Amino acid sequence: ETDSAAGDEPKAIDFSIFCDITFLLFFISQGIFFAGYMGSLLMVVPFAEEEIGVESESAALLTSAMGISELVFRIPFGWAGDHPKVNRTYLLGFTFIMLGVIFLAFPMCPNYMSIMIFASLSGTFQGGFGGLSFVVLDDILTPLNKRAAWMFGL
């Protein structure tokens, strides 16, 4: 009797979440996102310096533009994700698509102003990712009765 009650108890480390296709898709999309995001974040400054000829100080402002717009746009994306008529999984998917388009556009930027615009847009949708991904993970784990594994899933 005690063993069955202990077996039903939610676990913080629960590898069974990897058996759910929804979680797996979320997990894979996060990996792809971070690979593109980190690549973009790490390469935007050297690209601006080497390919466009921007001074180091000005090129460094690109990451500041990303960070500031990310910070500002977490709030409206989080608010939109909490709105009852908004499907936050689709909204998160939209942010991923927009980030992919923006990351593809970086190498095509001919001047500093255009790369600054795309860096700011990138930060906007990075804020969307930050404001939505945690609640979408909760949306995935709650119906599976795996909410206790949220930190492990993260």
# chains A, B, ... in the order shown; residues from 1 in each chain; ligands from 1

call {"tool": "residues_around", "arguments": {"residues": "range 123-130 of chain A", "least_positions_apart": "3", "cutoff": "8 Å", "atoms": "only C-alpha atoms", "output": "number ranges by chain"}}
result
A: 65-75, 77-78, 92, 95-96, 98-99, 119-120, 133-134

call {"tool": "residues_around", "arguments": {"residues": "Lys146 in chain A", "least_positions_apart": "2", "cutoff": "12 Å", "atoms": "only C-alpha atoms", "output": "list in words"}}
result
Asp8, Glu9, Pro10, Lys11, Ala12, Ile13, Asp14, Phe15, Ser16, Ile17, Phe18, Cys19, Asp20, Phe23, Leu137, Asp138, Asp139, Ile140, Leu141, Thr142, Pro143, Leu144, Ala148, Ala149, Trp150, Met151, Phe152 and Gly153 of chain A

call {"tool": "residues_around", "arguments": {"residues": "Ile52 in chain A", "least_positions_apart": "6", "cutoff": "9 Å", "atoms": "only C-alpha atoms", "output": "ChimeraX atom specification"}}
result
/A:109-112

call {"tool": "write_last_selection", "arguments": {"atoms": "N, CA and C atoms", "output": "PDB file, in the first residue's frame"}}
result
ATOM      1  N   CYS A 109      22.733  42.116 -44.384  1.00  0.00           N
ATOM      2  CA  CYS A 109      22.665  43.532 -44.025  1.00  0.00           C
ATOM      3  C   CYS A 109      23.853  44.277 -44.636  1.00  0.00           C
ATOM      4  N   PRO A 110      23.570  45.314 -45.431  1.00  0.00           N
ATOM      5  CA  PRO A 110      24.660  46.016 -46.118  1.00  0.00           C
ATOM      6  C   PRO A 110      25.313  47.127 -45.301  1.00  0.00           C
ATOM      7  N   ASN A 111      24.644  47.582 -44.215  1.00  0.00           N
ATOM      8  CA  ASN A 111      25.206  48.699 -43.452  1.00  0.00           C
ATOM      9  C   ASN A 111      24.834  48.575 -41.979  1.00  0.00           C
ATOM     10  N   TYR A 112      25.411  49.461 -41.190  1.00  0.00           N
ATOM     11  CA  TYR A 112      25.214  49.420 -39.738  1.00  0.00           C
ATOM     12  C   TYR A 112      23.757  49.645 -39.352  1.00  0.00           C
TER      13      TYR A 112
END

call {"tool": "atom_distance", "arguments": {"atom1": "CA of Ala35 in chain A", "atom2": "CA of Phe103 in chain A"}}
result
11.0 Å

call {"tool": "residues_around", "arguments": {"residues": "Arg88 in chain A", "least_positions_apart": "4", "cutoff": "9 Å", "atoms": "only C-alpha atoms", "output": "list in words"}}
result
Ala80, Gly81, Asp82, His83, Leu92, Gly93, Leu132, Ser133, Val135 and Val136 of chain A

call {"tool": "write_last_selection", "arguments": {"atoms": "N, CA, C and O atoms", "output": "PDB file, in the first residue's frame"}}
result
ATOM      1  N   ALA A  80       0.377  38.834 -23.745  1.00  0.00           N
ATOM      2  CA  ALA A  80      -0.360  38.212 -24.847  1.00  0.00           C
ATOM      3  C   ALA A  80      -0.521  36.713 -24.594  1.00  0.00           C
ATOM      4  O   ALA A  80      -1.593  36.145 -24.858  1.00  0.00           O
ATOM      5  N   GLY A  81       0.511  36.075 -24.063  1.00  0.00           N
ATOM      6  CA  GLY A  81       0.434  34.653 -23.765  1.00  0.00           C
ATOM      7  C   GLY A  81      -0.554  34.325 -22.671  1.00  0.00           C
ATOM      8  O   GLY A  81      -1.088  33.214 -22.624  1.00  0.00           O
ATOM      9  N   ASP A  82      -0.830  35.277 -21.790  1.00  0.00           N
ATOM     10  CA  ASP A  82      -1.814  35.065 -20.726  1.00  0.00           C
ATOM     11  C   ASP A  82      -3.236  35.400 -21.167  1.00  0.00           C
ATOM     12  O   ASP A  82      -4.185  35.113 -20.447  1.00  0.00           O
ATOM     13  N   HIS A  83      -3.384  36.002 -22.338  1.00  0.00           N
ATOM     14  CA  HIS A  83      -4.715  36.355 -22.840  1.00  0.00           C
ATOM     15  C   HIS A  83      -5.449  35.074 -23.219  1.00  0.00           C
ATOM     16  O   HIS A  83      -4.908  34.222 -23.917  1.00  0.00           O
ATOM     17  N   LEU A  92       4.509  31.179 -29.523  1.00  0.00           N
ATOM     18  CA  LEU A  92       5.923  30.822 -29.354  1.00  0.00           C
ATOM     19  C   LEU A  92       6.492  30.330 -30.681  1.00  0.00           C
ATOM     20  O   LEU A  92       7.608  30.703 -31.057  1.00  0.00           O
ATOM     21  N   GLY A  93       5.736  29.523 -31.408  1.00  0.00           N
ATOM     22  CA  GLY A  93       6.183  29.070 -32.720  1.00  0.00           C
ATOM     23  C   GLY A  93       6.410  30.232 -33.672  1.00  0.00           C
ATOM     24  O   GLY A  93       7.384  30.245 -34.436  1.00  0.00           O
ATOM     25  N   LEU A 132       7.377  33.509 -23.128  1.00  0.00           N
ATOM     26  CA  LEU A 132       6.431  32.438 -23.449  1.00  0.00           C
ATOM     27  C   LEU A 132       6.928  31.026 -23.176  1.00  0.00           C
ATOM     28  O   LEU A 132       6.131  30.142 -22.865  1.00  0.00           O
ATOM     29  N   SER A 133       8.205  30.776 -23.307  1.00  0.00           N
ATOM     30  CA  SER A 133       8.683  29.388 -23.278  1.00  0.00           C
ATOM     31  C   SER A 133       8.417  28.692 -21.948  1.00  0.00           C
ATOM     32  O   SER A 133       8.101  27.508 -21.919  1.00  0.00           O
ATOM     33  N   VAL A 135       5.916  29.222 -19.763  1.00  0.00           N
ATOM     34  CA  VAL A 135       4.502  28.881 -19.591  1.00  0.00           C
ATOM     35  C   VAL A 135       4.080  27.795 -20.580  1.00  0.00           C
ATOM     36  O   VAL A 135       3.225  26.974 -20.271  1.00  0.00           O
ATOM     37  N   VAL A 136       4.689  27.778 -21.765  1.00  0.00           N
ATOM     38  CA  VAL A 136       4.382  26.714 -22.723  1.00  0.00           C
ATOM     39  C   VAL A 136       4.879  25.374 -22.178  1.00  0.00           C
ATOM     40  O   VAL A 136       4.192  24.347 -22.308  1.00  0.00           O
TER      41      VAL A 136
END

call {"tool": "select_by_dssp", "arguments": {"residues": "chain A", "states": "alpha helix (DSSP H)", "output": "number ranges by chain"}}
result
A: 2-8, 21-47, 56-82, 88-105, 112-141, 150-153

call {"tool": "atom_distance", "arguments": {"atom1": "CA of Glu50 in chain A", "atom2": "CA of Leu104 in chain A"}}
result
17.8 Å

call {"tool": "closest_residue", "arguments": {"among": "A:Phe26, A:Tyr37, A:Trp79, A:Phe47", "to": "Ile102 in chain A", "atoms": "only C-alpha atoms"}}
result
A:Tyr37
